[in-house]
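What follows is the content of query_36.cif, which has mmCIF, C-alpha atoms:
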```
data_run
#
loop_
_atom_site.label_atom_id
_atom_site.label_comp_id
_atom_site.auth_asym_id
_atom_site.auth_seq_id
_atom_site.Cartn_x
_atom_site.Cartn_y
_atom_site.Cartn_z
CA MET A 1 90.49 132.67 104.65
CA THR A 2 90.82 129.00 105.50
CA THR A 3 90.41 126.99 108.69
CA ALA A 4 93.48 126.25 110.81
CA ASN A 5 93.53 122.46 110.59
CA LEU A 6 91.75 121.07 107.54
CA ASN A 7 92.43 124.11 105.35
CA LEU A 8 88.76 124.53 104.47
CA THR A 9 87.62 127.67 102.68
CA GLU A 10 85.62 129.75 105.13
CA PHE A 11 82.19 131.06 104.25
CA VAL A 12 82.03 134.85 104.05
CA ASP A 13 78.78 136.61 105.01
CA GLY A 14 76.99 137.77 101.86
CA GLN A 15 79.18 135.61 99.62
CA ASP A 16 77.89 134.67 96.17
CA ASN A 17 77.47 130.89 95.82
CA PRO A 18 77.89 129.90 99.48
CA ASP A 19 77.26 126.30 98.42
CA VAL A 20 80.80 126.11 96.97
CA PRO A 21 82.75 126.39 100.27
CA ILE A 22 80.04 124.50 102.14
CA ASN A 23 80.08 121.54 99.73
CA GLU A 24 83.88 121.60 99.61
CA GLY A 25 83.96 121.48 103.40
CA LEU A 26 81.51 118.58 103.53
CA ASN A 27 83.62 116.63 101.00
CA VAL A 28 86.81 117.20 103.00
CA PHE A 29 85.08 116.36 106.29
CA ASP A 30 83.73 113.14 104.77
CA ALA A 31 87.20 112.16 103.52
CA LYS A 32 88.87 113.01 106.84
CA VAL A 33 86.40 111.03 108.91
CA CYS A 34 85.63 108.02 106.74
CA GLU A 35 87.91 107.49 103.75
CA VAL A 36 91.21 105.70 103.27
CA LEU A 37 93.01 106.73 100.09
CA VAL A 38 94.67 103.85 98.23
CA ILE A 39 97.90 105.00 96.60
CA ASP A 40 99.92 102.70 94.34
CA PHE A 41 103.59 103.62 93.99
CA ALA A 42 104.13 104.74 90.39
CA SER A 43 107.91 104.39 90.65
CA ASP A 44 110.56 102.81 92.88
CA ALA A 45 111.14 106.12 94.70
CA ASP A 46 109.88 108.16 97.65
CA LEU A 47 106.29 109.37 97.32
CA ASN A 48 104.94 112.83 98.13
CA ILE A 49 101.42 113.24 99.52
CA THR A 50 99.92 116.29 97.81
CA ALA A 51 98.41 119.45 99.27
CA THR A 52 97.27 120.85 95.93
CA GLY A 53 94.37 120.44 93.55
CA THR A 54 90.71 119.83 94.14
CA LYS A 55 89.67 119.20 97.72
CA PRO A 56 89.79 116.78 99.33
CA GLN A 57 93.52 116.81 98.68
CA GLN A 58 95.52 113.67 99.44
CA TRP A 59 96.68 114.86 102.87
CA GLN A 60 93.07 115.50 103.93
CA TYR A 61 92.06 111.81 103.96
CA ALA A 62 91.68 109.80 107.17
CA GLY A 63 94.34 107.37 106.09
CA PHE A 64 96.39 105.75 103.40
CA GLU A 65 96.77 102.25 102.09
CA MET A 66 100.04 102.10 100.22
CA THR A 67 100.49 99.46 97.50
CA ASP A 68 103.22 98.63 95.01
CA THR A 69 101.34 96.53 92.47
CA GLY A 70 102.34 98.71 89.51
CA THR A 71 105.99 99.07 90.53
CA SER A 72 107.65 96.70 92.98
CA LEU A 73 109.65 98.58 95.58
CA THR A 74 113.23 97.36 95.94
CA THR A 75 114.01 99.07 99.27
CA GLY A 76 112.28 100.99 102.04
CA ARG A 77 110.78 104.30 100.94
CA ASN A 78 109.52 107.54 102.47
CA VAL A 79 105.93 108.70 102.16
CA VAL A 80 106.28 112.46 102.62
CA LEU A 81 103.49 114.61 104.04
CA PRO A 82 103.28 118.36 103.46
CA ASN A 83 104.95 120.43 106.17
CA THR A 84 102.68 122.32 108.59
CA GLU A 85 99.55 120.18 108.04
CA LYS A 86 98.40 118.58 111.32
CA ALA A 87 96.42 115.36 111.23
CA PHE A 88 95.97 111.79 112.47
CA TYR A 89 96.40 109.06 109.87
CA SER A 90 95.55 105.41 109.65
CA PHE A 91 98.53 104.04 107.71
CA HIS A 92 98.45 100.61 106.02
CA ASN A 93 101.69 99.50 104.40
CA ASN A 94 100.54 96.91 101.86
CA THR A 95 103.86 96.89 99.97
CA ALA A 96 106.89 94.62 99.78
CA GLN A 97 109.11 97.06 101.75
CA SER A 98 109.03 99.07 104.98
CA LEU A 99 107.65 102.60 104.58
CA THR A 100 108.34 105.71 106.65
CA LEU A 101 105.59 108.32 106.96
CA LYS A 102 107.30 111.69 107.54
CA THR A 103 107.28 115.38 106.68
CA SER A 104 109.93 116.76 104.34
CA GLY A 105 111.79 118.53 107.14
CA GLY A 106 111.06 116.33 110.15
CA THR A 107 111.28 112.88 111.59
CA GLY A 108 109.02 110.00 110.68
CA ILE A 109 107.74 106.61 111.72
CA THR A 110 108.54 103.38 109.89
CA VAL A 111 105.72 100.89 109.39
CA ALA A 112 106.73 97.33 108.50
CA THR A 113 105.60 95.45 105.41
CA THR A 114 101.88 94.52 105.46
CA LYS A 115 101.38 96.27 108.83
CA ARG A 116 99.09 99.10 109.99
CA ALA A 117 99.52 101.88 112.54
CA LEU A 118 97.78 105.02 113.78
CA LEU A 119 100.14 107.98 113.34
CA TYR A 120 99.97 111.74 113.95
CA SER A 121 101.67 114.55 112.08
CA ASP A 122 102.13 117.70 114.16
CA GLY A 123 103.15 119.63 111.04
CA THR A 124 106.85 119.04 111.67
CA ASN A 125 107.28 115.42 112.78
CA VAL A 126 105.24 112.23 112.61
CA VAL A 127 104.75 110.28 115.84
CA ARG A 128 103.32 106.86 116.57
CA TYR A 129 100.07 106.35 118.50
CA THR A 130 99.83 102.58 118.09
CA PRO A 131 102.32 99.79 117.42
CA ASP A 132 102.25 98.05 114.04
CA THR A 133 99.43 95.53 113.87
#
```

Would you put the structure from the file into structure tokens?
Amino acid sequence: MTTANLNLTEFVDGQDNPDVPINEGLNVFDAKVCEVLVIDFASDADLNITATGTKPQQWQYAGFEMTDTGTSLTTGRNVVLPNTEKAFYSFHNNTAQSLTLKTSGGTGITVATTKRALLYSDGTNVVRYTPDT
């Protein structure tokens, strides 16, 4: 079983090694409250935020700073969140192009070059909470 919002593994009474889900939960909580994940575009294409692998997974961070130092973007791109995951995000577009934070099946919000915004994904669409600053 996992929690409804952060997808944390729930502790089961009598479970062997209860430190595993507890430590995992603390790591995800720490990332969600305090950490901004810096992601550098590896190619001149849309970028998918992952919901797989070791936790904290990319989508579980408090925010993203997007860069294009390795590959210069030639046009606006989408940064695609996993569907169904609900979360607030601090989003810093530190690239040469506008970026749209969206889910794969929903609408998104475009953040201008070098700007920041507070955005929310309801699991289907991304909405804006603050203007670009």

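Here the question is which of A:Asn78, A:Ser104, A:Asn23, A:Ser90 gets nearest to Phe64 (chain A) using all atoms listed in the file, and that residue is A:Ser90.
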
Determine, counting only C-alpha atoms, which protein, DNA and RNA residues have an atom within 9 Å of an atom of Asp68 (chain A); residues of the same chain fewer than 6 positions away are not included. Present the result as a PDB file with C-alpha atoms, in the coordinates of the input.
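Output (out.pdb):
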```pdb
ATOM      1  CA  ILE A  39      97.900 105.000  96.600  1.00  0.00           C
ATOM      2  CA  ASP A  40      99.920 102.700  94.340  1.00  0.00           C
ATOM      3  CA  PHE A  41     103.590 103.620  93.990  1.00  0.00           C
ATOM      4  CA  ALA A  42     104.130 104.740  90.390  1.00  0.00           C
ATOM      5  CA  SER A  43     107.910 104.390  90.650  1.00  0.00           C
ATOM      6  CA  ASP A  44     110.560 102.810  92.880  1.00  0.00           C
ATOM      7  CA  ASN A  94     100.540  96.910 101.860  1.00  0.00           C
ATOM      8  CA  THR A  95     103.860  96.890  99.970  1.00  0.00           C
ATOM      9  CA  ALA A  96     106.890  94.620  99.780  1.00  0.00           C
TER      10      ALA A  96
END
```

Output the residue selection produced by the PyMOL selection byres ((chain A and resi 63) around 7) on the file above, formatted as a PyMOL selection string.
-> chain A and resi 35-37+61-62+64-65+89-91

Which residues match the PyMOL selection byres ((chain A and resi 3-8) around 12) in the file above, as number ranges by chain?
-> A: 1-2, 9-11, 20-33, 51-52, 54-62, 84-88, 121-123

Run through the PyMOL selection byres ((chain A and resi 101) around 7) on the given coordinates and return the selected residues as a PyMOL selection string.
-> chain A and resi 78-80+99-100+102+108-110+126

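Note that CA of Gly70 (chain A) and CA of His92 (chain A) are 17.1 Å apart.
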
Counting all atoms listed in the file, which of A:Asp19, A:Asp46, A:Asp13, A:Asp132 gets nearest to Ala112 (chain A)?
->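 For Ala112 (chain A), the nearest of the candidates is A:Asp132.
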
What is the distance, in Å and to one decimal place, between CA of Pro82 (chain A) and CA of Gly105 (chain A)?
->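 Answer for the CA of Pro82 (chain A) to CA of Gly105 (chain A) separation: 9.3 Å.
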
Among A:Thr69, A:Asn17, A:Thr130, A:Thr74, Ser98 (chain A) is approached most closely, using only C-alpha atoms, by A:Thr74

N, CA and C atoms are needed for region 21-55 of chain A; please write them out as an mmCIF file, in the frame of the given file.
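Final output, saved to result-v2.cif:
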```
data_model
loop_
_atom_site.group_PDB
_atom_site.id
_atom_site.type_symbol
_atom_site.label_atom_id
_atom_site.label_comp_id
_atom_site.auth_asym_id
_atom_site.auth_seq_id
_atom_site.Cartn_x
_atom_site.Cartn_y
_atom_site.Cartn_z
ATOM 1 N N PRO A 21 81.926 126.747 99.113
ATOM 2 C CA PRO A 21 82.750 126.390 100.270
ATOM 3 C C PRO A 21 82.066 125.395 101.206
ATOM 4 N N ILE A 22 80.751 125.437 101.273
ATOM 5 C CA ILE A 22 80.040 124.500 102.140
ATOM 6 C C ILE A 22 80.181 123.075 101.606
ATOM 7 N N ASN A 23 79.953 122.878 100.319
ATOM 8 C CA ASN A 23 80.080 121.540 99.730
ATOM 9 C C ASN A 23 81.525 121.055 99.769
ATOM 10 N N GLU A 24 82.471 121.964 99.515
ATOM 11 C CA GLU A 24 83.880 121.600 99.610
ATOM 12 C C GLU A 24 84.196 121.120 101.025
ATOM 13 N N GLY A 25 83.723 121.847 102.017
ATOM 14 C CA GLY A 25 83.960 121.480 103.400
ATOM 15 C C GLY A 25 83.349 120.135 103.760
ATOM 16 N N LEU A 26 82.141 119.870 103.270
ATOM 17 C CA LEU A 26 81.510 118.580 103.530
ATOM 18 C C LEU A 26 82.300 117.446 102.890
ATOM 19 N N ASN A 27 82.818 117.661 101.674
ATOM 20 C CA ASN A 27 83.620 116.630 101.000
ATOM 21 C C ASN A 27 84.911 116.345 101.757
ATOM 22 N N VAL A 28 85.578 117.391 102.238
ATOM 23 C CA VAL A 28 86.810 117.200 103.000
ATOM 24 C C VAL A 28 86.500 116.520 104.336
ATOM 25 N N PHE A 29 85.464 116.965 105.015
ATOM 26 C CA PHE A 29 85.080 116.360 106.290
ATOM 27 C C PHE A 29 84.781 114.875 106.112
ATOM 28 N N ASP A 30 84.053 114.532 105.063
ATOM 29 C CA ASP A 30 83.730 113.140 104.770
ATOM 30 C C ASP A 30 85.001 112.318 104.553
ATOM 31 N N ALA A 31 85.942 112.860 103.779
ATOM 32 C CA ALA A 31 87.200 112.160 103.520
ATOM 33 C C ALA A 31 88.016 111.998 104.790
ATOM 34 N N LYS A 32 88.054 113.045 105.632
ATOM 35 C CA LYS A 32 88.870 113.010 106.840
ATOM 36 C C LYS A 32 88.313 112.063 107.894
ATOM 37 N N VAL A 33 87.023 111.889 107.901
ATOM 38 C CA VAL A 33 86.400 111.030 108.910
ATOM 39 C C VAL A 33 86.310 109.580 108.448
ATOM 40 N N CYS A 34 86.052 109.361 107.171
ATOM 41 C CA CYS A 34 85.630 108.020 106.740
ATOM 42 C C CYS A 34 86.452 107.363 105.630
ATOM 43 N N GLU A 35 87.320 108.071 104.950
ATOM 44 C CA GLU A 35 87.910 107.490 103.750
ATOM 45 C C GLU A 35 89.410 107.232 103.879
ATOM 46 N N VAL A 36 89.805 106.063 103.397
ATOM 47 C CA VAL A 36 91.210 105.700 103.270
ATOM 48 C C VAL A 36 91.546 105.787 101.784
ATOM 49 N N LEU A 37 92.584 106.541 101.474
ATOM 50 C CA LEU A 37 93.010 106.730 100.090
ATOM 51 C C LEU A 37 94.027 105.649 99.743
ATOM 52 N N VAL A 38 93.733 104.870 98.705
ATOM 53 C CA VAL A 38 94.670 103.850 98.230
ATOM 54 C C VAL A 38 95.597 104.503 97.222
ATOM 55 N N ILE A 39 96.905 104.422 97.489
ATOM 56 C CA ILE A 39 97.900 105.000 96.600
ATOM 57 C C ILE A 39 98.873 103.895 96.185
ATOM 58 N N ASP A 40 98.995 103.682 94.893
ATOM 59 C CA ASP A 40 99.920 102.700 94.340
ATOM 60 C C ASP A 40 101.192 103.433 93.902
ATOM 61 N N PHE A 41 102.335 102.993 94.395
ATOM 62 C CA PHE A 41 103.590 103.620 93.990
ATOM 63 C C PHE A 41 103.741 103.539 92.480
ATOM 64 N N ALA A 42 103.970 104.688 91.847
ATOM 65 C CA ALA A 42 104.130 104.740 90.390
ATOM 66 C C ALA A 42 105.586 104.495 89.990
ATOM 67 N N SER A 43 106.504 104.645 90.942
ATOM 68 C CA SER A 43 107.910 104.390 90.650
ATOM 69 C C SER A 43 108.586 103.879 91.921
ATOM 70 N N ASP A 44 109.781 103.335 91.757
ATOM 71 C CA ASP A 44 110.560 102.810 92.880
ATOM 72 C C ASP A 44 111.321 103.975 93.511
ATOM 73 N N ALA A 45 110.565 104.902 94.113
ATOM 74 C CA ALA A 45 111.140 106.120 94.700
ATOM 75 C C ALA A 45 110.234 106.585 95.831
ATOM 76 N N ASP A 46 110.716 107.565 96.613
ATOM 77 C CA ASP A 46 109.880 108.160 97.650
ATOM 78 C C ASP A 46 108.629 108.757 97.016
ATOM 79 N N LEU A 47 107.570 108.874 97.820
ATOM 80 C CA LEU A 47 106.290 109.370 97.320
ATOM 81 C C LEU A 47 105.843 110.567 98.132
ATOM 82 N N ASN A 48 105.423 111.625 97.458
ATOM 83 C CA ASN A 48 104.940 112.830 98.130
ATOM 84 C C ASN A 48 103.421 112.837 98.159
ATOM 85 N N ILE A 49 102.855 113.050 99.351
ATOM 86 C CA ILE A 49 101.420 113.240 99.520
ATOM 87 C C ILE A 49 101.123 114.696 99.181
ATOM 88 N N THR A 50 100.141 114.937 98.319
ATOM 89 C CA THR A 50 99.920 116.290 97.810
ATOM 90 C C THR A 50 99.019 117.133 98.705
ATOM 91 N N ALA A 51 99.249 118.439 98.603
ATOM 92 C CA ALA A 51 98.410 119.450 99.270
ATOM 93 C C ALA A 51 97.969 120.462 98.224
ATOM 94 N N THR A 52 97.694 119.978 97.030
ATOM 95 C CA THR A 52 97.270 120.850 95.930
ATOM 96 C C THR A 52 96.102 120.195 95.210
ATOM 97 N N GLY A 53 95.446 120.970 94.368
ATOM 98 C CA GLY A 53 94.370 120.440 93.550
ATOM 99 C C GLY A 53 93.027 120.520 94.240
ATOM 100 N N THR A 54 92.072 119.847 93.645
ATOM 101 C CA THR A 54 90.710 119.830 94.140
ATOM 102 C C THR A 54 90.645 119.185 95.514
ATOM 103 N N LYS A 55 89.846 119.769 96.379
ATOM 104 C CA LYS A 55 89.670 119.200 97.720
ATOM 105 C C LYS A 55 88.581 118.138 97.676
#
```
